[in-house]
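Notes follow the structure.
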Amino acid sequence: MPSWKPAPVLTLLLSLLLFSGCPGRAQTAPQRHTFTRSAHLMGSRFTFTVVAPDDSTGQRALRAGLSEVQRIDHLMSFWDSTSEVVRINRMAGVRPVAVSPETFDLINRTLRLSRLSDGAFDITFASADKLYKFDRQPHAGLPDSALVRASVRRIGWQKIKLDPAQHTMYLPEKGMRINLAGILQGYGIRRAKQVLEAKGIKGGLLNGSGDIYCWGRQADGSLWRVAIGDPDHPRSVAAWVDVTDVAVVTAGNYEQYFTVGSQVYGHIINPHTGYPSIGLRSVTIICPDVELADGLDEVVFVKGPTAGLAFINGLKNVDCALITDDNRTLVSKGMKLNYYRGSATTHP
């Protein structure tokens with residue numbers, strides 16, 4: 001055990017601190033107001049906040065933005081029996097499946113992220129057998145190693161066959177499956193923001209279960225303030241960032257997990273080994289692209305604290321804050337947080 005006192009554990013709060021007098025105040029626009037609407041989409045709670053001149057404009061835009069996320073969910077969900085992803089999985093080892101340009105392009109982008117991350121992000125993770133139950137309960141042990149090895153034999157992003165001319169996708173082995181869950185919320189938010197801008201919305205904050213993108217300014221002209229808190233004290237705030245035109249995305253293993261002895265095993269599986277990733281409790285990514293940020297948090301979880309931090313430090317315009325299993329707080333070279341109570345941070 002370390003002899004020093006660890007910094008407070010950080011995780012993204014799913015609420016905003018809309019304080020007056022926030023740093024970065026711009027000229028106030030008195031005629032603008034804030035409107036918020038929520039919906040249950042992609043298995044999670046989405047809460048969209050927009051700045052608009054009147055209720056009618058704000059509510060119409062919010063409905064359109066949330067409807068766009070719903071459309072994408074139907075198109076690419078792993079669970080919707082009519083989705084293109086389900087059709088691809090059903091035809092694994094049988095024949096290629098023609099998909100929409102939208103689905104084709106998103107899958108192609110995930111393969112680029114797989115290549116960049118040396119396979120730490122891999123949508124074929126769904127090919128593994130379901131060996132774990134993340135029920136927050138103590139388990140006697142991990143599955144037999146032979147079962148784990150067998151469960152990952154069909155995993156491999158390199159196996160996916162894409163035909164750009166025909167917009168087809170083919171999984172060459174029976175039993176292979178893809179699941180876009182690791183990036184779909186971020187993509188949905190990116191598309192929703194485009195819809196909202198087309199409706200004339202100049203500023204807003206879109207939150208899909210911790211995947212946040214904000215742009216423009218609040219109604220009073222200030223930046224968007226995203227709070228960061230301590231999961232051991234859910235109503236407390238340990239730090240915050242004042243941001244705009246950026247994504248703040250977090251992933252954690254403190255909601256879906258099981259324990260073996262003193263070790264916590266979260267729900268993010270290492271596609272190389274088939275075992276749950278360990279070493280990190282929380283990952284927060286800040287970068288301009290919410291879709292990319294959504295994928296990068298899983299990359300860092302799989303790579304672990306040291307390799308994950310080095311990976312982020314090698315990217316341009318991307319920063320992160322990592323919370324290790326022993327409650328150390330690590331941040332990338334360019335990460336800047338505002339702390340309460342003198343919380344400490346480590347730059348390796």
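Following the order of the structure tokens, chains are lettered A, B, ..., residues in each are numbered from 1, and ligands are numbered from 1.
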
Compile the contact shell of A:Leu337 as an mmCIF file with N, CA, C and O atoms, in the first residue's frame: residues with an atom at most 7 Å away, counting only C-alpha atoms, same-chain residues fewer than 2 positions apart removed.
```cif
data_model
loop_
_atom_site.group_PDB
_atom_site.id
_atom_site.type_symbol
_atom_site.label_atom_id
_atom_site.label_comp_id
_atom_site.auth_asym_id
_atom_site.auth_seq_id
_atom_site.Cartn_x
_atom_site.Cartn_y
_atom_site.Cartn_z
ATOM 1 N N ALA A 239 -14.052 18.764 -8.014
ATOM 2 C CA ALA A 239 -13.392 19.597 -9.015
ATOM 3 C C ALA A 239 -14.388 19.937 -10.102
ATOM 4 O O ALA A 239 -15.504 19.416 -10.128
ATOM 5 N N TRP A 240 -13.973 20.831 -11.006
ATOM 6 C CA TRP A 240 -14.833 21.175 -12.127
ATOM 7 C C TRP A 240 -13.986 21.691 -13.277
ATOM 8 O O TRP A 240 -12.816 22.033 -13.113
ATOM 9 N N VAL A 241 -14.602 21.730 -14.454
ATOM 10 C CA VAL A 241 -13.999 22.355 -15.623
ATOM 11 C C VAL A 241 -15.004 23.338 -16.209
ATOM 12 O O VAL A 241 -16.203 23.071 -16.239
ATOM 13 N N MET A 335 -4.041 18.559 -19.045
ATOM 14 C CA MET A 335 -5.297 18.574 -18.297
ATOM 15 C C MET A 335 -5.271 19.638 -17.208
ATOM 16 O O MET A 335 -4.338 19.713 -16.408
ATOM 17 N N TYR A 339 -9.894 22.643 -8.467
ATOM 18 C CA TYR A 339 -10.105 21.738 -7.346
ATOM 19 C C TYR A 339 -10.698 22.449 -6.133
ATOM 20 O O TYR A 339 -10.367 23.592 -5.847
#
```

Practice task
Would you mind listing what lies within 8 Å of A:Phe48 as a list in words, with only C-alpha atoms counted and same-chain residues fewer than 6 positions away left out?
Solution key: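 Close residues of A:Phe48: Thr36, Arg37, Ser38, Leu62, Leu66, Gly204, Leu205, Leu206 and Asn207 of chain A.
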
Residues of the last selection are to be written out with C-alpha atoms, as a PDB file, in the first residue's frame.
```
ATOM      1  CA  THR A  36     -33.981  21.119 -20.791  1.00  0.00           C
ATOM      2  CA  ARG A  37     -35.552  17.831 -21.836  1.00  0.00           C
ATOM      3  CA  SER A  38     -34.744  14.189 -20.939  1.00  0.00           C
ATOM      4  CA  LEU A  62     -34.920  19.459 -28.028  1.00  0.00           C
ATOM      5  CA  LEU A  66     -33.606  13.486 -28.916  1.00  0.00           C
ATOM      6  CA  GLY A 204     -26.199  23.812 -25.429  1.00  0.00           C
ATOM      7  CA  LEU A 205     -25.016  20.911 -23.343  1.00  0.00           C
ATOM      8  CA  LEU A 206     -25.911  17.353 -24.342  1.00  0.00           C
ATOM      9  CA  ASN A 207     -25.506  14.602 -21.750  1.00  0.00           C
TER      10      ASN A 207
END
```

Practice task
Identify, on the basis of only C-alpha atoms, every residue whose closest approach to stretch 195-199 of chain A does not exceed 6 Å; exclude the query and any residue fewer than 2 positions from it along the same chain; express the result as a PyMOL selection string.
Solution key: chain A and resi 61+65+192-193+201

Could you save those same residues with N, CA and C atoms as a PDB file, in the first residue's frame?
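Below is the file that was written, out-v2.pdb:
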```pdb
ATOM      1  N   ALA A  61     -36.501  22.194 -30.829  1.00  0.00           N
ATOM      2  CA  ALA A  61     -35.131  21.746 -31.059  1.00  0.00           C
ATOM      3  C   ALA A  61     -34.791  20.543 -30.190  1.00  0.00           C
ATOM      4  N   GLY A  65     -33.560  16.886 -31.462  1.00  0.00           N
ATOM      5  CA  GLY A  65     -32.278  16.308 -31.074  1.00  0.00           C
ATOM      6  C   GLY A  65     -32.422  14.942 -30.447  1.00  0.00           C
ATOM      7  N   ALA A 192     -26.911  14.635 -32.838  1.00  0.00           N
ATOM      8  CA  ALA A 192     -27.943  15.487 -32.233  1.00  0.00           C
ATOM      9  C   ALA A 192     -27.506  16.944 -32.237  1.00  0.00           C
ATOM     10  N   LYS A 193     -26.236  17.190 -31.967  1.00  0.00           N
ATOM     11  CA  LYS A 193     -25.735  18.556 -31.971  1.00  0.00           C
ATOM     12  C   LYS A 193     -25.867  19.174 -33.361  1.00  0.00           C
ATOM     13  N   ILE A 201     -29.967  26.559 -32.936  1.00  0.00           N
ATOM     14  CA  ILE A 201     -29.477  26.592 -31.565  1.00  0.00           C
ATOM     15  C   ILE A 201     -27.983  26.918 -31.568  1.00  0.00           C
TER      16      ILE A 201
END
```

Problem - Surrounding residues of A:Ser117 excluding itself and chain neighbours under 6 positions, 10 Å, only C-alpha atoms, as a list in words - result: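 The residues that qualify are Leu111, Leu296, Val299, Val300, Val302, Lys303, Gly308 and Phe311 of chain A.
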
Let me see the file: selected residues, all heavy atoms, as a compact mmCIF listing (two decimals), in the first residue's frame.
```txt
# COMPACT_ATOMS: atom_id res chain seq x y z
N LEU A 111 -12.90 0.96 -36.91
CA LEU A 111 -11.74 0.16 -37.30
C LEU A 111 -10.48 1.01 -37.31
O LEU A 111 -9.39 0.51 -36.97
CB LEU A 111 -11.97 -0.48 -38.68
CG LEU A 111 -13.17 -1.43 -38.79
CD1 LEU A 111 -13.18 -2.12 -40.14
CD2 LEU A 111 -13.17 -2.45 -37.67
N LEU A 296 -12.31 6.54 -26.76
CA LEU A 296 -11.02 6.62 -26.09
C LEU A 296 -11.08 6.22 -24.62
O LEU A 296 -10.10 5.70 -24.08
CB LEU A 296 -10.45 8.04 -26.21
CG LEU A 296 -9.92 8.44 -27.59
CD1 LEU A 296 -9.46 9.90 -27.57
CD2 LEU A 296 -8.79 7.53 -28.04
N VAL A 299 -10.47 2.62 -24.56
CA VAL A 299 -9.07 2.34 -24.91
C VAL A 299 -8.19 2.46 -23.67
O VAL A 299 -7.37 1.59 -23.39
CB VAL A 299 -8.58 3.30 -26.01
CG1 VAL A 299 -7.07 3.18 -26.19
CG2 VAL A 299 -9.29 3.01 -27.33
N VAL A 300 -8.37 3.55 -22.91
CA VAL A 300 -7.54 3.78 -21.74
C VAL A 300 -7.80 2.72 -20.67
O VAL A 300 -6.88 2.22 -20.03
CB VAL A 300 -7.77 5.20 -21.19
CG1 VAL A 300 -7.01 5.40 -19.88
CG2 VAL A 300 -7.32 6.23 -22.21
N VAL A 302 -8.68 -0.35 -21.13
CA VAL A 302 -8.05 -1.61 -21.55
C VAL A 302 -6.54 -1.54 -21.41
O VAL A 302 -5.89 -2.49 -20.96
CB VAL A 302 -8.46 -1.95 -23.00
CG1 VAL A 302 -7.63 -3.11 -23.54
CG2 VAL A 302 -9.95 -2.31 -23.05
N LYS A 303 -5.95 -0.42 -21.79
CA LYS A 303 -4.50 -0.30 -21.72
C LYS A 303 -3.99 -0.19 -20.30
O LYS A 303 -2.85 -0.55 -20.00
CB LYS A 303 -4.04 0.92 -22.53
CG LYS A 303 -4.11 0.72 -24.05
CD LYS A 303 -3.60 1.93 -24.79
CE LYS A 303 -3.50 1.70 -26.28
NZ LYS A 303 -2.43 0.74 -26.64
N GLY A 308 -2.16 3.63 -20.81
CA GLY A 308 -3.29 4.46 -21.22
C GLY A 308 -2.95 5.94 -21.18
O GLY A 308 -3.29 6.69 -22.09
N PHE A 311 -0.63 6.77 -23.99
CA PHE A 311 -1.37 6.81 -25.25
C PHE A 311 -2.05 8.17 -25.44
O PHE A 311 -1.95 8.79 -26.50
CB PHE A 311 -2.41 5.68 -25.28
CG PHE A 311 -3.27 5.67 -26.49
CD1 PHE A 311 -2.80 5.16 -27.69
CD2 PHE A 311 -4.58 6.14 -26.45
CE1 PHE A 311 -3.60 5.14 -28.83
CE2 PHE A 311 -5.38 6.13 -27.56
CZ PHE A 311 -4.89 5.62 -28.76
```

Name the residues in contact with stretch 93-96 of chain A at a cut-off of 7 Å, using only C-alpha atoms, excluding same-chain residues fewer than 2 positions from it; report them as a short mmCIF file (atom, residue, chain, number, x, y, z; two decimals) with C-alpha atoms, in the first residue's frame.
```cif
data_model
loop_
_atom_site.label_atom_id
_atom_site.label_comp_id
_atom_site.auth_asym_id
_atom_site.auth_seq_id
_atom_site.Cartn_x
_atom_site.Cartn_y
_atom_site.Cartn_z
CA MET A 91 -25.42 -13.26 -41.35
CA ALA A 98 -25.67 -4.22 -47.33
CA THR A 168 -21.51 -4.19 -47.40
CA MET A 169 -20.08 -5.65 -44.24
CA TYR A 170 -19.20 -9.28 -43.65
CA LEU A 171 -18.26 -11.18 -40.50
CA PRO A 172 -16.46 -14.24 -41.89
CA GLU A 173 -16.92 -16.63 -38.95
CA LYS A 174 -20.13 -18.04 -37.57
#
```

Handout entry: Top pick for closest residue to A:Gly314, considering A:Ala52, A:Leu116, A:Val283, A:Cys214 and counting only C-alpha atoms
Key =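 Looking at the shortest contact to A:Gly314, the residue is A:Leu116.
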
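The residue that comes closest to A:Gln158, out of A:Thr57, A:Thr110, A:Ser282, A:Gln256 and on the basis of only C-alpha atoms, is A:Thr110.
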